[in-house]
$ cat data03.txt   # compact mmCIF, C-alpha atoms and all ligand atoms
# COMPACT_ATOMS: atom_id res chain seq x y z
CA MET A 1305 38.97 -22.50 13.15
CA ALA A 1306 36.30 -20.31 11.72
CA LEU A 1307 34.87 -16.90 12.47
CA ILE A 1308 31.13 -17.33 12.82
CA VAL A 1309 28.26 -14.88 13.22
CA GLN A 1310 25.14 -16.34 14.82
CA LYS A 1311 22.00 -14.23 14.76
CA PHE A 1312 19.10 -15.04 17.07
CA GLY A 1313 15.67 -13.61 16.34
CA GLY A 1314 12.99 -12.56 18.79
CA THR A 1315 11.49 -15.98 19.47
CA SER A 1316 14.96 -17.49 19.94
CA VAL A 1317 15.64 -15.02 22.77
CA GLY A 1318 11.98 -14.82 23.82
CA SER A 1319 12.54 -16.01 27.40
CA ILE A 1320 15.36 -16.49 29.89
CA ASP A 1321 15.27 -20.22 29.21
CA ARG A 1322 15.69 -19.63 25.51
CA MET A 1323 18.55 -17.24 26.16
CA ARG A 1324 20.27 -20.02 28.11
CA ASN A 1325 19.83 -22.20 25.06
CA VAL A 1326 21.43 -19.48 22.90
CA ALA A 1327 24.31 -19.26 25.37
CA ARG A 1328 24.89 -23.01 25.21
CA ARG A 1329 24.83 -23.03 21.44
CA ALA A 1330 27.32 -20.16 21.21
CA LEU A 1331 29.60 -21.80 23.76
CA ALA A 1332 29.47 -25.11 21.92
CA ALA A 1333 30.66 -23.35 18.76
CA GLN A 1334 33.40 -21.62 20.72
CA ARG A 1335 34.50 -24.88 22.35
CA ALA A 1336 34.68 -26.42 18.90
CA GLY A 1337 37.43 -23.88 18.26
CA HIS A 1338 35.56 -21.09 16.50
CA ARG A 1339 35.51 -17.38 17.20
CA VAL A 1340 31.89 -16.46 17.80
CA VAL A 1341 29.99 -13.23 17.35
CA LEU A 1342 26.29 -13.12 18.23
CA VAL A 1343 23.76 -10.65 16.93
CA VAL A 1344 20.49 -10.59 18.84
CA SER A 1345 17.00 -9.20 18.32
CA ALA A 1346 14.71 -7.87 21.01
CA MET A 1347 12.70 -10.48 22.91
CA SER A 1348 9.63 -11.43 20.86
CA GLY A 1349 6.85 -8.87 21.12
CA GLU A 1350 9.11 -6.30 22.74
CA THR A 1351 9.60 -4.01 19.74
CA ASN A 1352 5.84 -3.93 19.17
CA ARG A 1353 5.29 -3.12 22.84
CA LEU A 1354 7.79 -0.26 22.72
CA LEU A 1355 6.36 1.22 19.54
CA ALA A 1356 2.84 0.97 20.98
CA LEU A 1357 3.99 2.97 24.02
CA ALA A 1358 5.31 5.66 21.69
CA HIS A 1359 1.97 5.78 19.90
CA GLU A 1360 0.16 6.19 23.21
CA VAL A 1361 2.06 9.39 23.80
CA ALA A 1362 1.84 10.83 20.32
CA LYS A 1363 -0.20 10.01 17.23
CA VAL A 1364 2.81 10.57 15.02
CA PRO A 1365 5.76 10.14 17.38
CA ASP A 1366 9.02 11.89 16.62
CA ALA A 1367 11.13 9.49 14.55
CA ARG A 1368 14.35 10.17 16.42
CA GLU A 1369 12.71 9.39 19.75
CA MET A 1370 11.02 6.30 18.29
CA ASP A 1371 14.46 4.91 17.54
CA ALA A 1372 15.71 5.88 20.99
CA ILE A 1373 12.89 3.77 22.44
CA ALA A 1374 13.01 0.88 19.97
CA THR A 1375 16.74 0.22 20.40
CA THR A 1376 16.25 -0.57 24.10
CA GLY A 1377 14.72 -3.92 23.17
CA GLU A 1378 17.97 -5.17 21.66
CA GLN A 1379 20.01 -3.59 24.45
CA VAL A 1380 18.15 -5.72 27.00
CA SER A 1381 18.59 -8.97 25.07
CA ALA A 1382 22.27 -8.35 24.32
CA ALA A 1383 23.05 -7.81 28.01
CA LEU A 1384 20.92 -10.76 29.17
CA VAL A 1385 22.46 -13.11 26.61
CA ALA A 1386 25.96 -11.99 27.63
CA MET A 1387 25.03 -12.72 31.26
CA ALA A 1388 23.58 -16.10 30.30
CA ILE A 1389 26.90 -17.01 28.66
CA GLN A 1390 28.75 -15.92 31.78
CA ALA A 1391 26.36 -17.95 33.92
CA GLU A 1392 27.27 -21.00 31.84
CA GLY A 1393 30.92 -20.39 32.68
CA GLY A 1394 31.83 -18.59 29.45
CA LYS A 1395 33.15 -15.14 28.71
CA ALA A 1396 31.02 -12.61 26.88
CA ARG A 1397 30.47 -8.92 26.40
CA SER A 1398 27.51 -7.04 24.96
CA LEU A 1399 28.13 -4.38 22.32
CA LEU A 1400 25.54 -1.78 21.33
CA GLY A 1401 25.39 -0.16 17.92
CA HIS A 1402 27.25 2.93 19.07
CA GLN A 1403 29.92 0.84 20.79
CA VAL A 1404 30.68 -1.35 17.78
CA LYS A 1405 30.12 1.69 15.69
CA VAL A 1406 27.56 0.66 13.18
CA HIS A 1407 27.45 3.80 11.04
CA THR A 1408 24.15 4.52 9.30
CA ASP A 1409 22.50 7.38 7.46
CA ASP A 1410 20.04 9.52 9.41
CA ALA A 1411 16.77 8.08 8.09
CA PHE A 1412 15.29 7.32 11.51
CA THR A 1413 13.22 4.10 11.72
CA LYS A 1414 14.57 2.90 8.35
CA ALA A 1415 18.24 3.80 8.35
CA ARG A 1416 20.73 2.11 6.05
CA ILE A 1417 24.12 0.89 7.19
CA LYS A 1418 27.05 2.79 5.65
CA SER A 1419 29.91 0.97 7.36
CA ILE A 1420 30.73 -1.07 10.43
CA GLU A 1421 33.96 -0.79 12.42
CA SER A 1422 35.46 -4.17 13.14
CA ALA A 1423 38.02 -3.23 15.85
CA LYS A 1424 35.79 -3.60 18.95
CA ILE A 1425 34.49 -6.96 17.77
CA PHE A 1426 37.97 -8.28 17.00
CA GLU A 1427 39.33 -7.05 20.36
CA THR A 1428 36.48 -8.83 22.10
CA VAL A 1429 36.91 -12.20 20.39
CA ALA A 1430 40.71 -11.92 20.73
CA ARG A 1431 40.21 -11.89 24.51
CA GLY A 1432 38.36 -15.18 24.17
CA GLU A 1433 35.00 -13.51 24.75
CA ILE A 1434 31.85 -14.02 22.75
CA ALA A 1435 30.76 -10.64 21.35
CA VAL A 1436 27.02 -10.14 21.72
CA VAL A 1437 26.02 -7.39 19.33
CA ALA A 1438 22.65 -5.67 19.64
CA GLY A 1439 20.94 -5.98 16.26
CA PHE A 1440 18.67 -3.49 14.49
CA GLN A 1441 20.61 -0.41 15.65
CA GLY A 1442 23.31 2.01 14.62
CA ILE A 1443 24.32 5.65 14.89
CA ASP A 1444 24.20 8.45 12.36
CA ALA A 1445 26.99 10.96 11.69
CA HIS A 1446 25.84 13.09 14.66
CA GLY A 1447 25.79 10.21 17.11
CA ASN A 1448 22.00 9.85 17.09
CA VAL A 1449 20.71 6.33 17.63
CA THR A 1450 19.03 4.87 14.54
CA THR A 1451 17.17 1.65 13.65
CA LEU A 1452 17.25 -0.31 10.42
CA GLY A 1453 13.55 -0.98 9.84
CA ARG A 1454 11.46 -3.89 11.08
CA GLY A 1455 13.31 -7.18 10.88
CA GLY A 1456 16.57 -5.21 10.73
CA SER A 1457 18.58 -7.55 12.95
CA ASP A 1458 19.03 -9.87 9.97
CA THR A 1459 20.69 -6.99 8.18
CA SER A 1460 22.84 -6.18 11.22
CA ALA A 1461 24.03 -9.78 11.32
CA VAL A 1462 24.93 -10.05 7.66
CA ALA A 1463 26.58 -6.62 7.66
CA VAL A 1464 28.64 -7.54 10.74
CA ALA A 1465 29.61 -10.81 9.04
CA ALA A 1466 30.73 -8.87 5.95
CA ALA A 1467 32.62 -6.29 8.01
CA ILE A 1468 34.64 -8.86 9.96
CA GLY A 1469 35.02 -11.26 7.05
CA ALA A 1470 33.14 -14.06 8.81
CA ASP A 1471 33.13 -17.50 7.23
CA GLU A 1472 29.41 -17.91 7.74
CA CYS A 1473 26.40 -16.08 9.03
CA GLU A 1474 23.92 -18.35 10.75
CA ILE A 1475 20.43 -16.93 11.14
CA TYR A 1476 18.62 -18.80 13.92
CA THR A 1477 14.88 -18.50 13.78
CA ASP A 1478 11.68 -20.34 14.70
CA VAL A 1479 11.37 -22.19 11.37
CA ASP A 1480 13.62 -24.92 9.96
CA GLY A 1481 14.74 -22.89 6.96
CA VAL A 1482 13.38 -21.45 3.75
CA TYR A 1483 10.47 -23.43 2.33
CA THR A 1484 9.37 -24.03 -1.25
CA THR A 1485 6.20 -22.19 -0.26
CA ASP A 1486 4.19 -21.31 2.84
CA PRO A 1487 3.67 -24.62 4.73
CA ASN A 1488 0.60 -23.10 6.40
CA ILE A 1489 -1.33 -23.19 3.15
CA CYS A 1490 0.48 -25.98 1.31
CA PRO A 1491 1.05 -29.17 3.31
CA SER A 1492 3.55 -30.57 0.82
CA ALA A 1493 5.87 -27.54 1.16
CA ARG A 1494 9.43 -28.69 1.66
CA LYS A 1495 12.55 -27.16 3.18
CA ILE A 1496 15.01 -25.98 0.51
CA ASP A 1497 18.60 -27.12 1.13
CA ARG A 1498 20.35 -24.51 -1.01
CA ILE A 1499 19.11 -21.43 -2.81
CA SER A 1500 20.84 -18.59 -4.62
CA TYR A 1501 20.87 -14.99 -3.39
CA GLU A 1502 18.94 -13.87 -6.45
CA GLU A 1503 16.14 -16.36 -5.90
CA MET A 1504 16.03 -15.55 -2.20
CA LEU A 1505 15.72 -11.87 -3.03
CA GLU A 1506 12.76 -12.56 -5.28
CA LEU A 1507 11.11 -14.75 -2.65
CA ALA A 1508 11.81 -12.25 0.13
CA SER A 1509 10.46 -9.31 -1.83
CA LEU A 1510 7.38 -11.35 -2.64
CA GLY A 1511 6.52 -11.69 0.97
CA ALA A 1512 8.42 -14.72 2.27
CA LYS A 1513 9.27 -13.16 5.60
CA VAL A 1514 12.23 -15.30 6.68
CA LEU A 1515 14.91 -12.70 5.96
CA GLN A 1516 14.86 -8.94 5.68
CA ILE A 1517 15.45 -8.15 1.99
CA ARG A 1518 18.30 -5.78 2.71
CA SER A 1519 20.22 -8.56 4.48
CA VAL A 1520 20.14 -10.69 1.33
CA GLU A 1521 21.32 -7.74 -0.78
CA ILE A 1522 24.29 -7.25 1.51
CA ALA A 1523 25.06 -10.97 1.62
CA MET A 1524 25.04 -11.05 -2.18
CA LYS A 1525 27.21 -7.96 -2.51
CA TYR A 1526 29.86 -9.23 -0.08
CA ASN A 1527 29.38 -12.91 -0.81
CA VAL A 1528 28.50 -13.90 2.75
CA PRO A 1529 26.94 -17.38 2.91
CA ILE A 1530 23.78 -17.35 5.06
CA HIS A 1531 22.55 -20.43 6.87
CA VAL A 1532 18.92 -20.03 7.93
CA ARG A 1533 18.13 -22.62 10.59
CA SER A 1534 16.05 -23.38 13.65
CA SER A 1535 17.25 -22.49 17.13
CA PHE A 1536 15.09 -25.31 18.51
CA ASN A 1537 16.91 -28.26 16.89
CA ASP A 1538 20.23 -29.19 15.31
CA GLN A 1539 18.98 -29.96 11.80
CA PRO A 1540 20.73 -28.19 8.95
CA GLY A 1541 18.55 -25.45 7.50
CA THR A 1542 18.79 -23.58 4.19
CA ILE A 1543 22.05 -22.26 2.77
CA VAL A 1544 21.65 -19.03 0.82
CA THR A 1545 24.67 -18.67 -1.42
CA LYS A 1546 25.93 -17.60 -4.81
CA GLU A 1547 24.70 -19.49 -7.81
CA ASP A 1548 26.75 -22.62 -8.36
CA SER A 1549 26.58 -25.97 -10.07
CA THR A 1550 24.68 -27.61 -7.20
CA LEU A 1551 21.76 -25.33 -7.98
CA GLU A 1552 21.62 -26.30 -11.63
CA GLY A 1553 18.72 -28.35 -12.83
CA VAL A 1554 16.21 -26.67 -10.53
CA VAL A 1555 13.68 -24.94 -12.76
CA VAL A 1556 11.40 -23.49 -10.12
CA SER A 1557 12.70 -23.16 -6.55
CA GLY A 1558 9.78 -21.63 -4.78
CA ILE A 1559 6.30 -20.19 -4.93
CA ALA A 1560 5.43 -16.98 -3.16
CA TYR A 1561 2.21 -15.09 -2.70
CA ASP A 1562 1.57 -11.55 -1.66
CA LYS A 1563 -1.79 -10.21 -0.53
CA GLY A 1564 -0.38 -6.77 0.08
CA GLU A 1565 -1.28 -5.26 -3.27
CA ALA A 1566 -4.49 -3.75 -4.63
CA ARG A 1567 -5.49 -3.49 -8.27
CA VAL A 1568 -6.41 -0.20 -9.89
CA HIS A 1569 -8.22 -0.32 -13.22
CA VAL A 1570 -8.31 2.91 -15.22
CA VAL A 1571 -10.84 2.63 -18.02
CA GLY A 1572 -11.04 4.60 -21.26
CA VAL A 1573 -7.81 6.54 -21.31
CA GLU A 1574 -6.80 8.24 -24.53
CA ASP A 1575 -4.59 6.09 -26.74
CA ARG A 1576 -1.80 8.51 -27.60
CA PRO A 1577 1.90 8.84 -26.79
CA GLY A 1578 2.54 10.20 -23.32
CA VAL A 1579 -0.54 8.96 -21.49
CA ALA A 1580 1.22 6.25 -19.51
CA ALA A 1581 4.11 8.61 -18.84
CA GLU A 1582 1.76 11.28 -17.47
CA LEU A 1583 -0.19 8.87 -15.32
CA PHE A 1584 2.80 7.15 -13.74
CA GLU A 1585 4.93 10.28 -13.39
CA LYS A 1586 2.22 11.87 -11.30
CA ILE A 1587 1.88 8.73 -9.20
CA ALA A 1588 5.64 8.59 -8.68
CA GLU A 1589 5.60 12.24 -7.59
CA LYS A 1590 3.42 11.14 -4.68
CA ASN A 1591 6.15 8.68 -3.77
CA ILE A 1592 4.02 5.65 -4.46
CA SER A 1593 5.52 2.63 -6.19
CA VAL A 1594 3.42 0.66 -8.59
CA ASP A 1595 4.19 -2.94 -9.35
CA MET A 1596 2.37 -4.78 -12.12
CA ILE A 1597 1.20 -2.74 -15.12
CA VAL A 1598 -0.98 -3.89 -17.99
CA GLN A 1599 -2.34 -1.79 -20.83
CA SER A 1600 -5.15 -3.33 -22.82
CA ALA A 1601 -5.48 -3.05 -26.59
CA THR A 1602 -7.47 -0.17 -27.97
CA THR A 1603 -10.82 -0.71 -29.58
CA GLU A 1604 -10.75 0.73 -33.09
CA ALA A 1605 -14.08 2.48 -32.60
CA ASP A 1606 -13.17 4.95 -29.87
CA ARG A 1607 -9.34 4.81 -29.67
CA ARG A 1608 -9.49 4.30 -25.92
CA ALA A 1609 -7.47 1.90 -23.79
CA ALA A 1610 -7.55 0.62 -20.23
CA ILE A 1611 -4.59 0.59 -17.89
CA THR A 1612 -4.42 -1.74 -14.92
CA PHE A 1613 -1.78 -1.51 -12.25
CA THR A 1614 -1.15 -2.60 -8.69
CA LEU A 1615 0.12 -0.69 -5.68
CA ALA A 1616 0.51 -1.46 -1.99
CA LYS A 1617 -2.84 -1.72 -0.20
CA THR A 1618 -1.40 0.51 2.50
CA ASP A 1619 -1.01 3.28 -0.10
CA LEU A 1620 -4.44 2.87 -1.66
CA ALA A 1621 -6.56 4.90 0.78
CA ARG A 1622 -4.44 8.04 0.48
CA ALA A 1623 -3.95 7.51 -3.26
CA LYS A 1624 -7.59 7.10 -4.34
CA SER A 1625 -8.75 10.68 -4.66
CA TRP A 1626 -5.79 11.98 -6.60
CA ILE A 1627 -5.53 8.84 -8.78
CA GLU A 1628 -9.04 9.77 -9.91
CA THR A 1629 -7.95 13.33 -10.63
CA ILE A 1630 -4.89 12.18 -12.54
CA ALA A 1631 -6.96 9.61 -14.45
CA LYS A 1632 -9.51 12.23 -15.51
CA GLY A 1633 -6.62 14.34 -16.75
CA VAL A 1634 -5.75 11.64 -19.30
CA GLY A 1635 -9.38 11.24 -20.34
CA ALA A 1636 -10.38 8.19 -18.29
CA HIS A 1637 -14.10 7.43 -17.94
CA GLU A 1638 -13.82 5.49 -14.76
CA VAL A 1639 -11.44 4.14 -12.11
CA ARG A 1640 -12.16 0.84 -10.38
CA TYR A 1641 -10.38 -0.73 -7.43
CA ASP A 1642 -10.07 -4.29 -6.24
CA GLU A 1643 -8.44 -5.22 -2.97
CA ASP A 1644 -9.44 -8.88 -3.09
CA VAL A 1645 -6.44 -9.91 -5.13
CA VAL A 1646 -3.27 -11.90 -4.55
CA LYS A 1647 -0.04 -11.94 -6.52
CA VAL A 1648 1.16 -15.51 -6.92
CA SER A 1649 4.71 -15.96 -8.22
CA ILE A 1650 6.99 -18.76 -9.28
CA VAL A 1651 10.71 -18.13 -8.81
CA GLY A 1652 13.62 -20.07 -10.22
CA PHE A 1653 16.91 -19.80 -11.99
CA GLY A 1654 16.06 -22.50 -14.48
CA MET A 1655 13.61 -20.17 -16.19
CA ARG A 1656 16.48 -18.48 -17.92
CA SER A 1657 17.32 -21.63 -19.82
CA HIS A 1658 13.98 -23.45 -20.04
CA ALA A 1659 11.20 -22.48 -22.41
CA GLY A 1660 7.55 -22.82 -21.54
CA ILE A 1661 7.70 -22.16 -17.79
CA ALA A 1662 5.31 -19.20 -17.93
CA ALA A 1663 2.97 -21.14 -20.23
CA LYS A 1664 2.94 -24.02 -17.77
CA MET A 1665 2.01 -21.63 -14.97
CA PHE A 1666 -0.88 -20.15 -16.99
CA ARG A 1667 -2.12 -23.62 -17.98
CA THR A 1668 -2.00 -24.81 -14.38
CA LEU A 1669 -4.09 -21.84 -13.23
CA ALA A 1670 -6.48 -22.30 -16.16
CA ASN A 1671 -7.01 -25.95 -15.30
CA GLU A 1672 -8.21 -24.83 -11.87
CA GLY A 1673 -10.56 -22.29 -13.45
CA ILE A 1674 -8.54 -19.37 -12.09
CA ASN A 1675 -8.64 -16.20 -14.17
CA ILE A 1676 -5.44 -14.16 -14.48
CA GLN A 1677 -5.93 -10.40 -14.08
CA ALA A 1678 -2.38 -9.24 -14.67
CA ILE A 1679 1.02 -10.77 -15.40
CA ALA A 1680 4.53 -9.56 -14.65
CA THR A 1681 7.86 -11.24 -15.21
CA SER A 1682 11.52 -10.85 -14.44
CA GLU A 1683 14.37 -13.01 -15.62
CA ILE A 1684 13.79 -15.52 -12.83
CA ARG A 1685 10.15 -14.88 -11.85
CA VAL A 1686 6.64 -15.00 -13.27
CA SER A 1687 3.84 -13.37 -11.27
CA CYS A 1688 0.10 -13.59 -11.83
CA LEU A 1689 -2.54 -11.48 -10.15
CA VAL A 1690 -5.65 -13.51 -9.33
CA ALA A 1691 -8.68 -13.27 -7.04
CA ALA A 1692 -7.61 -13.62 -3.40
CA LYS A 1693 -10.06 -16.45 -2.75
CA TYR A 1694 -7.89 -18.66 -5.00
CA THR A 1695 -4.69 -18.17 -2.99
CA GLU A 1696 -4.46 -21.68 -1.56
CA LEU A 1697 -5.71 -23.40 -4.67
CA ALA A 1698 -3.26 -21.54 -6.91
CA VAL A 1699 -0.26 -22.09 -4.64
CA ARG A 1700 -0.98 -25.79 -4.16
CA ALA A 1701 -1.64 -26.41 -7.85
CA LEU A 1702 1.57 -24.66 -8.88
CA HIS A 1703 3.59 -26.38 -6.19
CA ASP A 1704 2.36 -29.69 -7.57
CA ALA A 1705 2.73 -28.79 -11.24
CA PHE A 1706 6.39 -27.83 -10.82
CA GLY A 1707 7.16 -30.90 -8.73
CA LEU A 1708 8.28 -28.95 -5.67
CA GLN A 1709 7.12 -31.61 -3.26
CA HIS A 1710 10.05 -33.78 -4.40
CA ALA A 1711 13.59 -32.95 -3.40
N1 LIG A 1801 13.37 -6.09 16.98
C1 LIG A 1801 13.26 -5.58 15.63
C2 LIG A 1801 11.89 -5.89 15.07
O1 LIG A 1801 11.07 -6.50 15.73
C3 LIG A 1801 14.35 -6.05 14.74
C4 LIG A 1801 14.39 -7.55 14.51
O2 LIG A 1801 13.87 -8.31 15.32
O3 LIG A 1801 14.98 -7.97 13.51
O4 LIG A 1801 11.59 -5.54 13.96
MG MG A 1802 13.02 -11.49 11.59
$ encode --input "data03.txt" --output "structure tokens" --more "lines below"
Ligand code: ASP
Ligand code: MG
Amino acid sequence: MALIVQKFGGTSVGSIDRMRNVARRALAAQRAGHRVVLVVSAMSGETNRLLALAHEVAKVPDAREMDAIATTGEQVSAALVAMAIQAEGGKARSLLGHQVKVHTDDAFTKARIKSIESAKIFETVARGEIAVVAGFQGIDAHGNVTTLGRGGSDTSAVAVAAAIGADECEIYTDVDGVYTTDPNICPSARKIDRISYEEMLELASLGAKVLQIRSVEIAMKYNVPIHVRSSFNDQPGTIVTKEDSTLEGVVVSGIAYDKGEARVHVVGVEDRPGVAAELFEKIAEKNISVDMIVQSATTEADRRAAITFTLAKTDLARAKSWIETIAKGVGAHEVRYDEDVVKVSIVGFGMRSHAGIAAKMFRTLANEGINIQAIATSEIRVSCLVAAKYTELAVRALHDAFGLQHA
């Protein structure tokens, strides 16, 4: 007999019919002898609808009130799913964030979980009931309602699983699992059976939107196995777990792309100690994170260099004018911007022990005539910035080159 957390995302609870399906699935697990805790999202589209209402009232709505509105979406689904279970002859009870006591900090709209009390959940399952926990929400130290950021129900589910020591956290969604790359642009993309937390983190932070990043961090910290699977069929999905021998031998696990960054090219900065420090300190002061950074070699003649970096496109508009000021301060002649770029990345554990993986990536892109504008690496990732028009070509070519179409 296991203790299982099942999380259902917005599409999985998107209609009354689908909620009945959730109820049947939870009851089947319970009848198989397991103790079952559900974590549910708002019905699909509901959070967007609620936030849009807030924006109709105020251009910049008060963050505390935004959370008070947004949490109602999950409250509705938790109660409806509990009723659906009862309608199927089962026993269930909904639990909101403040009833479970999901303690968070007070960063409204992007709060972080500090701790979760397990007593209410254990009392509920001990009575033979299925606990239906509203995802995405918590309370701060003053009892204010908070939310965990978009996609936060994943994090609620994994954190609940960690708090109650669940054997597994199943994340039910509208896709069959985690794919080697985006199947919408690469027809030979394949479902991954098992992947490590570290690789999943790299893929998630690179824009594979299956799991909220924070949920993977928590799963890794508390060693909670995650099973990402479809709520529309019974096929096994993807197990996200700690690195083990079954993952050995995979050199590259997945290919991600991210169109969310823009390139900034600062030309003709002075080549002296402290220039990069000055430039990036000032940028950091504005609370903007930069990602890839490349400094070109200096030409002997004028002792000037160029620095290229990327930042989130959403930060670019507000950053432009003062980036130019900062750049002038370090002697730059010119600042150029390019938003038509994509960051394509290969991710895999095997890179740590195999030579030549980066070279193979560069050669593959070169063979397609794709120019690389910037490169960044981590221990298990190589990323290349290329022109956005090459997104599909680059992803497909790399997927092929690293043999990801074969299990
Ligand atoms: N309902 C929230 C959102 O749409 C949380 C979630 O679904 O994970 O972001
Ligand atoms: Mg989600």
$ residues_near_ligand --input "data03.txt" --ligand "ligand LIG 1801 (chain A)" --cutoff "6 Å" --atoms "all atoms listed in the file" --output "short mmCIF file (atom, residue, chain, number, x, y, z; two decimals) with C-alpha atoms, in the coordinates of the input"
data_model
loop_
_atom_site.label_atom_id
_atom_site.label_comp_id
_atom_site.auth_asym_id
_atom_site.auth_seq_id
_atom_site.Cartn_x
_atom_site.Cartn_y
_atom_site.Cartn_z
CA GLY A 1313 15.67 -13.61 16.34
CA GLY A 1314 12.99 -12.56 18.79
CA SER A 1345 17.00 -9.20 18.32
CA ALA A 1346 14.71 -7.87 21.01
CA THR A 1351 9.60 -4.01 19.74
CA PHE A 1440 18.67 -3.49 14.49
CA ARG A 1454 11.46 -3.89 11.08
CA GLY A 1455 13.31 -7.18 10.88
CA GLY A 1456 16.57 -5.21 10.73
CA SER A 1457 18.58 -7.55 12.95
CA ASP A 1458 19.03 -9.87 9.97
#
$ residues_around --input "data03.txt" --residues "Ala1327 in chain A" --least-positions-apart "6" --cutoff "12 Å" --atoms "all atoms listed in the file" --output "mmCIF file with C-alpha atoms, in the frame of the given file"
data_model
loop_
_atom_site.group_PDB
_atom_site.id
_atom_site.type_symbol
_atom_site.label_atom_id
_atom_site.label_comp_id
_atom_site.auth_asym_id
_atom_site.auth_seq_id
_atom_site.Cartn_x
_atom_site.Cartn_y
_atom_site.Cartn_z
ATOM 1 C CA GLN A 1310 25.140 -16.340 14.820
ATOM 2 C CA LYS A 1311 22.000 -14.230 14.760
ATOM 3 C CA PHE A 1312 19.100 -15.040 17.070
ATOM 4 C CA SER A 1316 14.960 -17.490 19.940
ATOM 5 C CA VAL A 1317 15.640 -15.020 22.770
ATOM 6 C CA ILE A 1320 15.360 -16.490 29.890
ATOM 7 C CA ASP A 1321 15.270 -20.220 29.210
ATOM 8 C CA ALA A 1333 30.660 -23.350 18.760
ATOM 9 C CA GLN A 1334 33.400 -21.620 20.720
ATOM 10 C CA VAL A 1340 31.890 -16.460 17.800
ATOM 11 C CA VAL A 1341 29.990 -13.230 17.350
ATOM 12 C CA LEU A 1342 26.290 -13.120 18.230
ATOM 13 C CA VAL A 1344 20.490 -10.590 18.840
ATOM 14 C CA SER A 1381 18.590 -8.970 25.070
ATOM 15 C CA ALA A 1382 22.270 -8.350 24.320
ATOM 16 C CA ALA A 1383 23.050 -7.810 28.010
ATOM 17 C CA LEU A 1384 20.920 -10.760 29.170
ATOM 18 C CA VAL A 1385 22.460 -13.110 26.610
ATOM 19 C CA ALA A 1386 25.960 -11.990 27.630
ATOM 20 C CA MET A 1387 25.030 -12.720 31.260
ATOM 21 C CA ALA A 1388 23.580 -16.100 30.300
ATOM 22 C CA ILE A 1389 26.900 -17.010 28.660
ATOM 23 C CA GLN A 1390 28.750 -15.920 31.780
ATOM 24 C CA ALA A 1391 26.360 -17.950 33.920
ATOM 25 C CA GLU A 1392 27.270 -21.000 31.840
ATOM 26 C CA GLY A 1393 30.920 -20.390 32.680
ATOM 27 C CA GLY A 1394 31.830 -18.590 29.450
ATOM 28 C CA LYS A 1395 33.150 -15.140 28.710
ATOM 29 C CA ALA A 1396 31.020 -12.610 26.880
ATOM 30 C CA ILE A 1434 31.850 -14.020 22.750
ATOM 31 C CA ALA A 1435 30.760 -10.640 21.350
ATOM 32 C CA VAL A 1436 27.020 -10.140 21.720
ATOM 33 C CA SER A 1535 17.250 -22.490 17.130
#
$ closest_residue --input "data03.txt" --among "A:Val1343, A:Leu1708, A:Val1514, A:Ala1336" --to "ligand MG 1802 (chain A)" --atoms "only C-alpha atoms and all ligand atoms"
A:Val1514
$ atom_distance --input "data03.txt" --atom1 "CA of Met1370 in chain A" --atom2 "CA of Ser1348 in chain A"
18.0 Å
$ closest_residue --input "data03.txt" --among "A:Val1645, A:Met1665, A:Ala1470, A:Val1555" --to "Ala1692 in chain A" --atoms "only C-alpha atoms"
A:Val1645
$ atom_distance --input "data03.txt" --atom1 "atom MG of ligand MG 1802 (chain A)" --atom2 "CA of Ile1530 in chain A"
13.9 Å
$ residues_near_point --input "data03.txt" --point "(10.6, -29.0, 7.7)" --cutoff "9 Å" --atoms "all atoms listed in the file" --output "list in words"
Val1479, Asp1480, Gly1481, Val1482, Tyr1483, Pro1487, Ala1493, Arg1494, Lys1495, Ile1496 and Gly1541 of chain A
$ atom_distance --input "data03.txt" --atom1 "CA of Tyr1641 in chain A" --atom2 "CA of Arg1576 in chain A"
23.8 Å
$ residues_around --input "data03.txt" --residues "Leu1510 in chain A" --least-positions-apart "5" --cutoff "12 Å" --atoms "only C-alpha atoms" --output "number ranges by chain"
A: 1485-1486, 1503-1505, 1515-1517, 1558-1565, 1595, 1646-1651, 1685-1688
$ closest_residue --input "data03.txt" --among "A:Ala1508, A:Ala1367, A:Ile1630, A:Leu1615" --to "ligand MG 1802 (chain A)" --atoms "all atoms listed in the file"
A:Ala1508
